[in-house]
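In what follows, a single structure is set out as structure tokens and then discussed.
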Amino acid sequence: MRRWGAVHKWTSLICTLFTLLLCITGLPLIFHEQIDDLLHSQVKPPDVPPGTPPANLDRLLGNALAQAPGKVPHFLIWDRDDPSAMFVSVGPTIDADPTNNLLIRMDTHTGAYLDAPDVTGRFTYIMLKLHTDMFAGLPGKLFLGLMGILFCVAIISGIVVYAPSMRKLRFGAYRAQRTRVVRWLDVHNLAGILLVAWTLVVGFTGVINTWADLVLKMWQFGQLAEMTAQYKDRPVPSKLTSLNAAVEVATHAVPGMTPSFVAFPGTLFSSKSHYAVFLHGDTPLTSRLLKPALIDAETGKLTDTRDMPWYVTTLFVSQPLHFGDYGGMPLKIVWALLDILTIFILVTGVYLWMRRRKAGVSQERAIANADSLDNPALSS
């Protein structure tokens, strides 16, 4: 028990500051759509009658590129939150870092230009960067992933440490007649045990999300390389086939699924000679799972389509579980309340450690003393 207590104490102390950062920054990210709508205005697409067909994608792409002379398209992205809008992501060259791309927002039905929002200065973008990598790129992600692992270990070791003493108390017992530190310990333990499942899920899925860049590399050098092996020596076509036709070929090849985004030839998610059309399902779960269809950018014919490997699927499933954005506003509110309660647990944990340190009482002795005072037979 002394060793488990040491594990719980040190894993908690090491990860607490960063876990607090993740909880505080994660709270506004749960409501990022609502916050963006409140703080930032954007051009709204005109209302169209139900059943209005979408615009031709080649025309839409041409209108977007007219707003960014000298830029080349990297991605065409359907807006998950607004079916009447989509984005064209453009950069200076095809091999430029896509994280610095300009996002051009277009009307899905008319193909007209709407706006080109600069999201990098937004409050939600700053919160997202702090939450995902602390503006430190891949090293920041991996560091936060390590903190997530320590957080999960702290939760499990906390159960082991406090389980023996809590067996001798009623579930949810609050010893109001005891000292302040014991009362805070009761509240801390109750909140912690109620949130065990949720904190483990959020902590573990958060760790998986920090591996997103590595997962992408594994997919690129694995499945994608295998799908495009026979075309690896082909250069980027001098003239690309119709984008609209390529998306139609992909949707016919994968019935029951809807396009999510298109990666242009030469980008991270495709080969030098293919459009990669990524499609998703229409249920809360399958809407998060993507399936690529490779379309030859020179001939317009389907080259290959496969389900994503298990490690990519695991990443896709972990993302909505982490942010709670697969069940609408009710689930968002539940996630926010649980997040606030987790912040409370972290703060009370630090408070209890500081009180014990000031009093010179170890964690194990504090638990034993509190237990023996409530059970006189143990002290006799």
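In the structure tokens, the first chain shown is A, the next is B, and so on; residue numbers restart at 1 for each chain, and ligands run from 1 in the order shown.
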List as a tab-separated table every residue of segment 277-346 of chain A that is in contact with segment 253-260 of chain A, defined as an atom at most 8 Å from one of its atoms (using only C-alpha atoms), together with the nearest atom pair and the distance in Å rounded to one decimal, sorted by chain and then rising number.
```
residue	atom	partner	partner_atom	distance
A:Val277	CA	A:Pro259	CA	6.8
A:Phe278	CA	A:Ser260	CA	5.6
A:Leu279	CA	A:Pro259	CA	4.2
A:His280	CA	A:Met257	CA	5.3
A:Gly281	CA	A:Met257	CA	4.8
A:Asp282	CA	A:Met257	CA	7.0
A:Leu290	CA	A:Ser260	CA	7.8
A:Ala293	CA	A:Ala253	CA	7.9
A:Leu302	CA	A:Ala253	CA	7.8
```
Export N, CA and C atoms of the chosen residues as an mmCIF file, in the first residue's frame?
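Written out: part_14.cif:
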```cif
data_model
loop_
_atom_site.group_PDB
_atom_site.id
_atom_site.type_symbol
_atom_site.label_atom_id
_atom_site.label_comp_id
_atom_site.auth_asym_id
_atom_site.auth_seq_id
_atom_site.Cartn_x
_atom_site.Cartn_y
_atom_site.Cartn_z
ATOM 1 N N VAL A 277 -10.538 10.769 -52.224
ATOM 2 C CA VAL A 277 -11.848 11.209 -51.739
ATOM 3 C C VAL A 277 -12.162 10.409 -50.488
ATOM 4 N N PHE A 278 -12.308 11.095 -49.362
ATOM 5 C CA PHE A 278 -12.613 10.436 -48.091
ATOM 6 C C PHE A 278 -14.097 10.599 -47.807
ATOM 7 N N LEU A 279 -14.753 9.461 -47.553
ATOM 8 C CA LEU A 279 -16.201 9.453 -47.347
ATOM 9 C C LEU A 279 -16.526 8.958 -45.943
ATOM 10 N N HIS A 280 -17.690 9.379 -45.442
ATOM 11 C CA HIS A 280 -18.130 8.959 -44.110
ATOM 12 C C HIS A 280 -19.571 8.478 -44.156
ATOM 13 N N GLY A 281 -20.001 7.763 -43.091
ATOM 14 C CA GLY A 281 -21.364 7.272 -42.995
ATOM 15 C C GLY A 281 -22.302 8.334 -42.463
ATOM 16 N N ASP A 282 -23.539 7.902 -42.134
ATOM 17 C CA ASP A 282 -24.547 8.875 -41.710
ATOM 18 C C ASP A 282 -25.105 8.600 -40.326
ATOM 19 N N LEU A 290 -13.846 7.306 -41.635
ATOM 20 C CA LEU A 290 -13.593 7.680 -43.022
ATOM 21 C C LEU A 290 -13.119 6.483 -43.836
ATOM 22 N N ALA A 293 -11.222 6.653 -51.162
ATOM 23 C CA ALA A 293 -11.352 6.141 -52.521
ATOM 24 C C ALA A 293 -10.358 6.902 -53.387
ATOM 25 N N LEU A 302 -11.496 4.893 -60.912
ATOM 26 C CA LEU A 302 -11.243 4.420 -59.554
ATOM 27 C C LEU A 302 -10.043 3.486 -59.556
#
```
Closest atom pairs, residues of segment 50-133 of chain A within 10 Å of segment 42-45 of chain A, only C-alpha atoms, as a Markdown table:
```
| residue | atom | partner | partner_atom | distance |
| --- | --- | --- | --- | --- |
| A:Asp82 | CA | A:Pro45 | CA | 9.7 |
| A:Ser84 | CA | A:Pro45 | CA | 6.6 |
| A:Ala85 | CA | A:Pro45 | CA | 7.1 |
| A:Arg105 | CA | A:Val43 | CA | 9.1 |
| A:Met106 | CA | A:Pro45 | CA | 8.5 |
| A:Asp107 | CA | A:Pro45 | CA | 5.9 |
| A:Thr108 | CA | A:Pro45 | CA | 8.4 |
| A:His109 | CA | A:Pro45 | CA | 8.7 |
| A:Thr110 | CA | A:Pro45 | CA | 8.8 |
| A:Ala112 | CA | A:Pro45 | CA | 8.9 |
| A:Tyr113 | CA | A:Val43 | CA | 9.4 |
| A:Leu114 | CA | A:Val43 | CA | 5.7 |
| A:Asp115 | CA | A:Val43 | CA | 6.5 |
| A:Ala116 | CA | A:Gln42 | CA | 9.1 |
| A:Pro117 | CA | A:Gln42 | CA | 7.9 |
```
Within 7 Å of segment 232-241 of chain A, counting only C-alpha atoms, which residues show up once you throw out same-chain ones fewer than 4 positions away? Write them as a PyMOL selection string, please.
chain A and resi 228+265-266+272-273+297-300
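A straight line drawn from atom CA of Arg59 of chain A to atom CA of Asn244 of chain A is 8.9 Å long.
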Find the distance between atom CA of Leu200 of chain A and atom CA of Phe323 of chain A and write it in Å to one decimal.
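If I compute the distance from atom CA of Leu200 of chain A to atom CA of Phe323 of chain A, I get 13.5 Å.
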Record the distance separating atom CA of Asn209 of chain A and atom CA of Asp81 of chain A, expressed in Å with one decimal.
21.1 Å
Residue list (helix (DSSP H, G or I), DSSP) for segment 46-225 of chain A, as an MDAnalysis selection string
chainID A and resid 57:66 98:100 119:121 123:132 137:166 180:194 196:210 212:225
Write out as a PyMOL selection string each polymer residue whose atoms come within 9 Å of Cys15 of chain A, counting only C-alpha atoms; drop sequence neighbours fewer than 5 positions from it.
chain A and resi 10+20+146-151+154
Using only C-alpha atoms for the distances, tell me which of A:Leu352, A:Ile126, A:Lys301, A:Met218 is nearest to Ser242 of chain A.
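Going through A:Leu352, A:Ile126, A:Lys301, A:Met218 one by one, the smallest distance to Ser242 of chain A is for A:Lys301.
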Would you list the contacts of segment 339-343 of chain A as a ChimeraX atom specification, taking every protein, DNA or RNA residue within 8 Å and counting only C-alpha atoms, but skipping same-chain residues closer than 2 positions in sequence?
/A:20,23-24,27,191-192,195,199,335-337,345-347
Once DSSP has gone over the backbone, tell me which residues of segment 195-331 of chain A are in strand (DSSP E or B), as a list in words.
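Answer for segment 195-331 of chain A restricted to strand (DSSP E or B) is Thr258, Pro259, Ser260, Phe261, Val262, Ala263, His274, Tyr275, Ala276, Val277, Phe278, Leu279, His280, Leu290, Lys291, Pro292, Ala293, Leu294, Ile295, Asp296, Leu302, Thr303, Asp304 and Thr305 of chain A.
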Preceding selection exported with N, CA and C atoms as a JSON list (two decimals), in the first residue's frame:
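Below you can see result_16.json, which holds the result:
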```json
[["chain", "number", "residue", "atom", "x", "y", "z"],
["A", 258, "THR", "N", -21.02, 9.49, -47.70],
["A", 258, "THR", "CA", -21.02, 10.87, -48.17],
["A", 258, "THR", "C", -19.62, 11.44, -48.14],
["A", 259, "PRO", "N", -19.22, 12.23, -49.16],
["A", 259, "PRO", "CA", -17.88, 12.81, -49.14],
["A", 259, "PRO", "C", -17.65, 13.71, -47.92],
["A", 260, "SER", "N", -16.48, 13.58, -47.33],
["A", 260, "SER", "CA", -16.08, 14.40, -46.20],
["A", 260, "SER", "C", -15.03, 15.42, -46.62],
["A", 261, "PHE", "N", -14.00, 14.97, -47.33],
["A", 261, "PHE", "CA", -13.02, 15.89, -47.89],
["A", 261, "PHE", "C", -12.28, 15.21, -49.04],
["A", 262, "VAL", "N", -11.67, 16.03, -49.88],
["A", 262, "VAL", "CA", -10.89, 15.54, -51.01],
["A", 262, "VAL", "C", -9.46, 16.05, -50.84],
["A", 263, "ALA", "N", -8.49, 15.15, -50.94],
["A", 263, "ALA", "CA", -7.08, 15.52, -50.93],
["A", 263, "ALA", "C", -6.58, 15.53, -52.37],
["A", 274, "HIS", "N", -3.16, 11.01, -57.70],
["A", 274, "HIS", "CA", -4.53, 10.63, -57.35],
["A", 274, "HIS", "C", -5.25, 11.72, -56.56],
["A", 275, "TYR", "N", -6.55, 11.84, -56.85],
["A", 275, "TYR", "CA", -7.46, 12.46, -55.90],
["A", 275, "TYR", "C", -7.76, 11.40, -54.84],
["A", 276, "ALA", "N", -7.70, 11.76, -53.58],
["A", 276, "ALA", "CA", -8.14, 10.87, -52.50],
["A", 276, "ALA", "C", -9.42, 11.44, -51.93],
["A", 277, "VAL", "N", -10.54, 10.77, -52.22],
["A", 277, "VAL", "CA", -11.85, 11.21, -51.74],
["A", 277, "VAL", "C", -12.16, 10.41, -50.49],
["A", 278, "PHE", "N", -12.31, 11.09, -49.36],
["A", 278, "PHE", "CA", -12.61, 10.44, -48.09],
["A", 278, "PHE", "C", -14.10, 10.60, -47.81],
["A", 279, "LEU", "N", -14.75, 9.46, -47.55],
["A", 279, "LEU", "CA", -16.20, 9.45, -47.35],
["A", 279, "LEU", "C", -16.53, 8.96, -45.94],
["A", 280, "HIS", "N", -17.69, 9.38, -45.44],
["A", 280, "HIS", "CA", -18.13, 8.96, -44.11],
["A", 280, "HIS", "C", -19.57, 8.48, -44.16],
["A", 290, "LEU", "N", -13.85, 7.31, -41.64],
["A", 290, "LEU", "CA", -13.59, 7.68, -43.02],
["A", 290, "LEU", "C", -13.12, 6.48, -43.84],
["A", 291, "LYS", "N", -13.49, 6.49, -45.12],
["A", 291, "LYS", "CA", -13.05, 5.45, -46.05],
["A", 291, "LYS", "C", -12.51, 6.14, -47.29],
["A", 292, "PRO", "N", -11.25, 5.91, -47.66],
["A", 292, "PRO", "CA", -10.68, 6.59, -48.82],
["A", 292, "PRO", "C", -11.00, 5.87, -50.13],
["A", 293, "ALA", "N", -11.22, 6.65, -51.16],
["A", 293, "ALA", "CA", -11.35, 6.14, -52.52],
["A", 293, "ALA", "C", -10.36, 6.90, -53.39],
["A", 294, "LEU", "N", -9.42, 6.20, -54.00],
["A", 294, "LEU", "CA", -8.39, 6.83, -54.82],
["A", 294, "LEU", "C", -8.86, 6.88, -56.27],
["A", 295, "ILE", "N", -8.86, 8.08, -56.82],
["A", 295, "ILE", "CA", -9.27, 8.31, -58.20],
["A", 295, "ILE", "C", -8.07, 8.81, -58.99],
["A", 296, "ASP", "N", -7.77, 8.11, -60.09],
["A", 296, "ASP", "CA", -6.65, 8.53, -60.93],
["A", 296, "ASP", "C", -6.91, 9.94, -61.45],
["A", 302, "LEU", "N", -11.50, 4.89, -60.91],
["A", 302, "LEU", "CA", -11.24, 4.42, -59.55],
["A", 302, "LEU", "C", -10.04, 3.49, -59.56],
["A", 303, "THR", "N", -9.09, 3.76, -58.66],
["A", 303, "THR", "CA", -7.91, 2.90, -58.53],
["A", 303, "THR", "C", -8.07, 1.90, -57.41],
["A", 304, "ASP", "N", -8.54, 2.35, -56.24],
["A", 304, "ASP", "CA", -8.65, 1.46, -55.08],
["A", 304, "ASP", "C", -9.50, 2.14, -54.03],
["A", 305, "THR", "N", -10.14, 1.34, -53.20],
["A", 305, "THR", "CA", -10.85, 1.84, -52.03],
["A", 305, "THR", "C", -10.82, 0.76, -50.96]]
```
Find the residues near Lys217 of chain A: any atom within 12 Å, counting only C-alpha atoms, skip ones fewer than 4 places away on the same chain, and give them as a list in words.
Trp211, Ala212, Asp213, Phe221, Gly222, Gln223, Leu224, Ala225, Leu268, Phe269, Tyr311 and Val312 of chain A
Using only C-alpha atoms, which protein or nucleic acid residues come within 9 Å of segment 29-36 of chain A? Drop anything in the same chain fewer than 3 positions from it, and give the result as a VMD selection string.
chain A and resid 25 to 26 39 to 41 81 122 to 125 127 to 128 131 323 to 325 329 332 to 333 335 to 336
